[in-house]
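J.: After the structure tokens below, expect a handful of questions from me.
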Amino acid sequence: MAALRQRGDAVSTISREIAADAIDRLGFLNRTFDRALVIGDVTGAFAAHLRDQGSTVEVADPSGHFGEEIDEEKPIAGGPYDLIASLGLLDTVNDLPGALILMRRALAADGLMIASFLAAGSLPALRKAMLLGDGERPAPRIHPQVDVRAAGQLMTRLGYASPVVDGWGFDVAFESLDQLVGDLRAQALGNVLADPGPPVSKAGLQRARNAFADEAGEDGLIRERFEVVTLSGWTPAPRG
């Protein structure tokens, strides 16, 4: 993904939608944030918006290609921050509650955490096609994802004030299974499981291609669904 972005031809659909939604959410708040940490904003749009509002912004990314290298499952250095935003990443951590707690600890009093990532229900056409392609021995092709209800239950026990959890989504049209898979890989959204299972056979891949093509609409395009869950919460304001 980093190499494609350096050449200027990377697909950024998911990152762009998540960043735009986060910007819209800040528009409902009557306040600015002096210090912000933005993790995973590969388009730079969210960080640029914060800077336009007068914030001092530090940018980080697990790969180190889009800011300071960071591990979201280890204590966050450099705080306290008035805002921490994680965009498109937390669905792939091993310890989601732990990552959210670490962000809370790195926030200043009355600080805001926003985290958006792909949720359960994403990629239904791809899931169906791969199940048909694998046949009687399906392999894990997509990592487990969190649904909105489970995320809501999680936020109520992590110590955030005024927690909000909501789900939203959007559709993207594709011409073929290969185009979808290529776009996912270009956005670092491929299979990240430690044990991804055996490779797809040539026959299985063709069955998957055919099954995906069968989902096409009258215009010949297959519309794939991406579901997103957004978590937000505040650290308690100082008393008195």
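Each chain of the structure tokens is named A, B, ... in the order shown, its residues numbered from 1; ligands are numbered from 1 in display order.
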Set the distance at 7 Å and use only C-alpha atoms: which residues neighbour Ala106 in chain A once local chain neighbours fewer than 2 positions away are removed? I'd like the list as a ChimeraX atom specification.

T.: /A:76,79-81,102-104,108

J.: In range 14-97 of chain A, what's alpha helix (DSSP H) per DSSP? Answer as a list in words?

T.: Ile14, Ser15, Arg16, Glu17, Ile18, Ala19, Ala20, Asp21, Ala22, Ile23, Asp24, Arg25, Leu26, Ala45, Phe46, Ala47, Ala48, His49, Leu50, Arg51, Asp52, Leu96 and Pro97 of chain A

J.: Could the residues in this selection be saved with N, CA, C and O atoms as an mmCIF file, in the first residue's frame?

T.:
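The file below, result.cif, is the result:
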data_model
loop_
_atom_site.group_PDB
_atom_site.id
_atom_site.type_symbol
_atom_site.label_atom_id
_atom_site.label_comp_id
_atom_site.auth_asym_id
_atom_site.auth_seq_id
_atom_site.Cartn_x
_atom_site.Cartn_y
_atom_site.Cartn_z
ATOM 1 N N ILE A 14 -11.761 3.242 1.305
ATOM 2 C CA ILE A 14 -12.125 3.001 2.693
ATOM 3 C C ILE A 14 -11.581 4.105 3.591
ATOM 4 O O ILE A 14 -12.303 4.693 4.402
ATOM 5 N N SER A 15 -10.299 4.407 3.430
ATOM 6 C CA SER A 15 -9.676 5.449 4.260
ATOM 7 C C SER A 15 -10.352 6.798 4.052
ATOM 8 O O SER A 15 -10.552 7.557 5.001
ATOM 9 N N ARG A 16 -10.697 7.092 2.805
ATOM 10 C CA ARG A 16 -11.334 8.384 2.499
ATOM 11 C C ARG A 16 -12.698 8.488 3.161
ATOM 12 O O ARG A 16 -13.033 9.534 3.746
ATOM 13 N N GLU A 17 -13.495 7.436 3.099
ATOM 14 C CA GLU A 17 -14.830 7.467 3.706
ATOM 15 C C GLU A 17 -14.748 7.583 5.224
ATOM 16 O O GLU A 17 -15.502 8.339 5.840
ATOM 17 N N ILE A 18 -13.831 6.839 5.836
ATOM 18 C CA ILE A 18 -13.705 6.874 7.290
ATOM 19 C C ILE A 18 -13.219 8.238 7.753
ATOM 20 O O ILE A 18 -13.718 8.794 8.749
ATOM 21 N N ALA A 19 -12.246 8.816 7.040
ATOM 22 C CA ALA A 19 -11.746 10.141 7.417
ATOM 23 C C ALA A 19 -12.829 11.198 7.263
ATOM 24 O O ALA A 19 -12.994 12.073 8.132
ATOM 25 N N ALA A 20 -13.602 11.131 6.184
ATOM 26 C CA ALA A 20 -14.669 12.116 5.964
ATOM 27 C C ALA A 20 -15.729 12.029 7.048
ATOM 28 O O ALA A 20 -16.238 13.054 7.527
ATOM 29 N N ASP A 21 -16.057 10.814 7.461
ATOM 30 C CA ASP A 21 -17.044 10.655 8.532
ATOM 31 C C ASP A 21 -16.522 11.237 9.843
ATOM 32 O O ASP A 21 -17.271 11.896 10.577
ATOM 33 N N ALA A 22 -15.242 11.004 10.152
ATOM 34 C CA ALA A 22 -14.671 11.539 11.382
ATOM 35 C C ALA A 22 -14.668 13.063 11.377
ATOM 36 O O ALA A 22 -14.928 13.707 12.398
ATOM 37 N N ILE A 23 -14.389 13.648 10.230
ATOM 38 C CA ILE A 23 -14.434 15.115 10.112
ATOM 39 C C ILE A 23 -15.841 15.623 10.362
ATOM 40 O O ILE A 23 -16.046 16.625 11.071
ATOM 41 N N ASP A 24 -16.834 14.939 9.807
ATOM 42 C CA ASP A 24 -18.229 15.342 10.030
ATOM 43 C C ASP A 24 -18.587 15.279 11.517
ATOM 44 O O ASP A 24 -19.306 16.147 12.037
ATOM 45 N N ARG A 25 -18.103 14.270 12.215
ATOM 46 C CA ARG A 25 -18.417 14.129 13.635
ATOM 47 C C ARG A 25 -17.845 15.284 14.443
ATOM 48 O O ARG A 25 -18.496 15.792 15.359
ATOM 49 N N LEU A 26 -16.638 15.706 14.111
ATOM 50 C CA LEU A 26 -16.052 16.837 14.831
ATOM 51 C C LEU A 26 -16.842 18.118 14.572
ATOM 52 O O LEU A 26 -16.860 19.020 15.417
ATOM 53 N N ALA A 45 -6.276 13.415 5.257
ATOM 54 C CA ALA A 45 -7.381 14.376 5.246
ATOM 55 C C ALA A 45 -7.801 14.778 6.649
ATOM 56 O O ALA A 45 -8.072 15.957 6.914
ATOM 57 N N PHE A 46 -7.867 13.807 7.563
ATOM 58 C CA PHE A 46 -8.327 14.117 8.924
ATOM 59 C C PHE A 46 -7.291 14.972 9.653
ATOM 60 O O PHE A 46 -7.633 15.950 10.320
ATOM 61 N N ALA A 47 -6.029 14.612 9.527
ATOM 62 C CA ALA A 47 -4.975 15.403 10.166
ATOM 63 C C ALA A 47 -4.941 16.821 9.604
ATOM 64 O O ALA A 47 -4.766 17.796 10.353
ATOM 65 N N ALA A 48 -5.123 16.963 8.292
ATOM 66 C CA ALA A 48 -5.121 18.295 7.681
ATOM 67 C C ALA A 48 -6.274 19.134 8.208
ATOM 68 O O ALA A 48 -6.125 20.344 8.455
ATOM 69 N N HIS A 49 -7.443 18.512 8.390
ATOM 70 C CA HIS A 49 -8.595 19.237 8.931
ATOM 71 C C HIS A 49 -8.294 19.746 10.342
ATOM 72 O O HIS A 49 -8.616 20.902 10.671
ATOM 73 N N LEU A 50 -7.693 18.914 11.170
ATOM 74 C CA LEU A 50 -7.367 19.336 12.529
ATOM 75 C C LEU A 50 -6.370 20.496 12.526
ATOM 76 O O LEU A 50 -6.506 21.442 13.307
ATOM 77 N N ARG A 51 -5.389 20.424 11.661
ATOM 78 C CA ARG A 51 -4.410 21.517 11.593
ATOM 79 C C ARG A 51 -5.083 22.809 11.156
ATOM 80 O O ARG A 51 -4.742 23.895 11.640
ATOM 81 N N ASP A 52 -6.039 22.695 10.233
ATOM 82 C CA ASP A 52 -6.779 23.885 9.809
ATOM 83 C C ASP A 52 -7.558 24.504 10.970
ATOM 84 O O ASP A 52 -7.826 25.717 10.970
ATOM 85 N N LEU A 96 -8.569 -5.782 21.479
ATOM 86 C CA LEU A 96 -9.292 -4.523 21.258
ATOM 87 C C LEU A 96 -9.586 -3.791 22.567
ATOM 88 O O LEU A 96 -9.343 -2.582 22.651
ATOM 89 N N PRO A 97 -10.095 -4.452 23.613
ATOM 90 C CA PRO A 97 -10.309 -3.709 24.865
ATOM 91 C C PRO A 97 -9.023 -3.078 25.382
ATOM 92 O O PRO A 97 -9.018 -1.930 25.849
#

J.: Residues within 12 Å of Ala60 in chain A, please, as a list in words. Count only C-alpha atoms; anything in the same chain fewer than 4 positions from it doesn't count.

T.: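 My reading of the contact set: Ala36, Leu37, Val38, Ile39, Gly40, Asp41, Val42, Gly44, Ala47, Gly64, His65, Phe66, Gly67, Glu68, Glu69, Ile70, Asp71, Glu72, Ile76, Ala77, Gly78, Ile84, Ala85, Ser86, Leu87 and Leu89 of chain A.
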
J.: When DSSP is applied to the backbone of this structure, which of range 1-223 of chain A are assigned strand (DSSP E)? Write them out as a PyMOL selection string.

T.: chain A and resi 35-39+56-61+68-69+81-87+107-118+161-174+222-223

J.: Taking into account only C-alpha atoms, which residue in the set A:Val148, A:Ala237, A:Ala213, A:Leu189 is nearest to Tyr160 in chain A?

T.: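 Among the listed residues, the smallest separation from Tyr160 in chain A belongs to A:Ala237.
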
J.: Just want the 9 Å neighbourhood of Gly54 in chain A, counted on only C-alpha atoms, with same-chain residues fewer than 6 positions away dropped. Output as a VMD selection string.

T.: chain A and resid 32 to 34

J.: Residues near Glu175 in chain A, anyone? I mean within 8 Å using only C-alpha atoms, not counting same-chain ones fewer than 5 positions away, as an MDAnalysis selection string.

T.: chainID A and resid 180 220:222

J.: Listing only residues of range 133-221 of chain A within 6 Å of range 117-129 of chain A, what is the closest atom pair and its distance in Å (to one decimal) for each, using only C-alpha atoms, sorted by chain and residue number ascending, as a tab-separated table?

T.:
residue	atom	partner	partner_atom	distance
A:Gln145	CA	A:Ala120	CA	4.8
A:Val146	CA	A:Ala119	CA	5.2
A:Asp147	CA	A:Ala120	CA	4.8
A:Ala208	CA	A:Ala129	CA	4.6
A:Ala211	CA	A:Ala129	CA	5.1
A:Phe212	CA	A:Ala129	CA	5.3

J.: How far is it from CA of Ala139 in chain A to CA of Pro196 in chain A, in Å with one decimal?

T.: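 So the two atoms, CA of Ala139 in chain A and CA of Pro196 in chain A, lie 7.4 Å apart.
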
J.: Record the distance separating CA of Phe174 in chain A and CA of Glu215 in chain A, expressed in Å with one decimal.

T.: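 These two atoms are separated by 10.5 Å.
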
J.: Any idea what the distance is between CA of Glu227 in chain A and CA of Leu107 in chain A?

T.: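 Separating CA of Glu227 in chain A from CA of Leu107 in chain A is a distance of 27.5 Å.
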
J.: With only C-alpha atoms as the basis for distance, which of A:Met130, A:Ile101, A:Ala188, A:Val228 is at the shortest distance from Arg157 in chain A?

T.: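 Among A:Met130, A:Ile101, A:Ala188, A:Val228, it is A:Ile101 that comes nearest to Arg157 in chain A.
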
J.: Got a sec: who's within 7 Å of Arg35 in chain A, counting only C-alpha atoms, leaving out chain neighbours fewer than 5 positions off, as a PyMOL selection string?

T.: chain A and resi 55-57+81-83

J.: Could those residues be written to a file, using N, CA, C and O atoms, as a PDB file, in the first residue's frame?

T.:
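Result file selection-v2.pdb:
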ATOM      1  N   SER A  55      -5.091  22.814  15.599  1.00  0.00           N
ATOM      2  CA  SER A  55      -4.543  21.764  16.456  1.00  0.00           C
ATOM      3  C   SER A  55      -3.095  21.461  16.093  1.00  0.00           C
ATOM      4  O   SER A  55      -2.692  21.550  14.934  1.00  0.00           O
ATOM      5  N   THR A  56      -2.327  21.099  17.100  1.00  0.00           N
ATOM      6  CA  THR A  56      -1.008  20.501  16.879  1.00  0.00           C
ATOM      7  C   THR A  56      -1.219  19.006  16.733  1.00  0.00           C
ATOM      8  O   THR A  56      -1.756  18.355  17.635  1.00  0.00           O
ATOM      9  N   VAL A  57      -0.820  18.444  15.589  1.00  0.00           N
ATOM     10  CA  VAL A  57      -1.184  17.066  15.261  1.00  0.00           C
ATOM     11  C   VAL A  57       0.072  16.208  15.130  1.00  0.00           C
ATOM     12  O   VAL A  57       1.015  16.567  14.418  1.00  0.00           O
ATOM     13  N   TYR A  81      -2.923  13.688  25.286  1.00  0.00           N
ATOM     14  CA  TYR A  81      -3.509  14.305  24.107  1.00  0.00           C
ATOM     15  C   TYR A  81      -4.950  14.722  24.403  1.00  0.00           C
ATOM     16  O   TYR A  81      -5.636  14.079  25.202  1.00  0.00           O
ATOM     17  N   ASP A  82      -5.388  15.750  23.717  1.00  0.00           N
ATOM     18  CA  ASP A  82      -6.788  16.176  23.841  1.00  0.00           C
ATOM     19  C   ASP A  82      -7.704  15.376  22.926  1.00  0.00           C
ATOM     20  O   ASP A  82      -8.912  15.302  23.159  1.00  0.00           O
ATOM     21  N   LEU A  83      -7.125  14.782  21.894  1.00  0.00           N
ATOM     22  CA  LEU A  83      -7.881  13.957  20.948  1.00  0.00           C
ATOM     23  C   LEU A  83      -6.975  12.847  20.449  1.00  0.00           C
ATOM     24  O   LEU A  83      -5.824  13.095  20.082  1.00  0.00           O
TER      25      LEU A  83
END
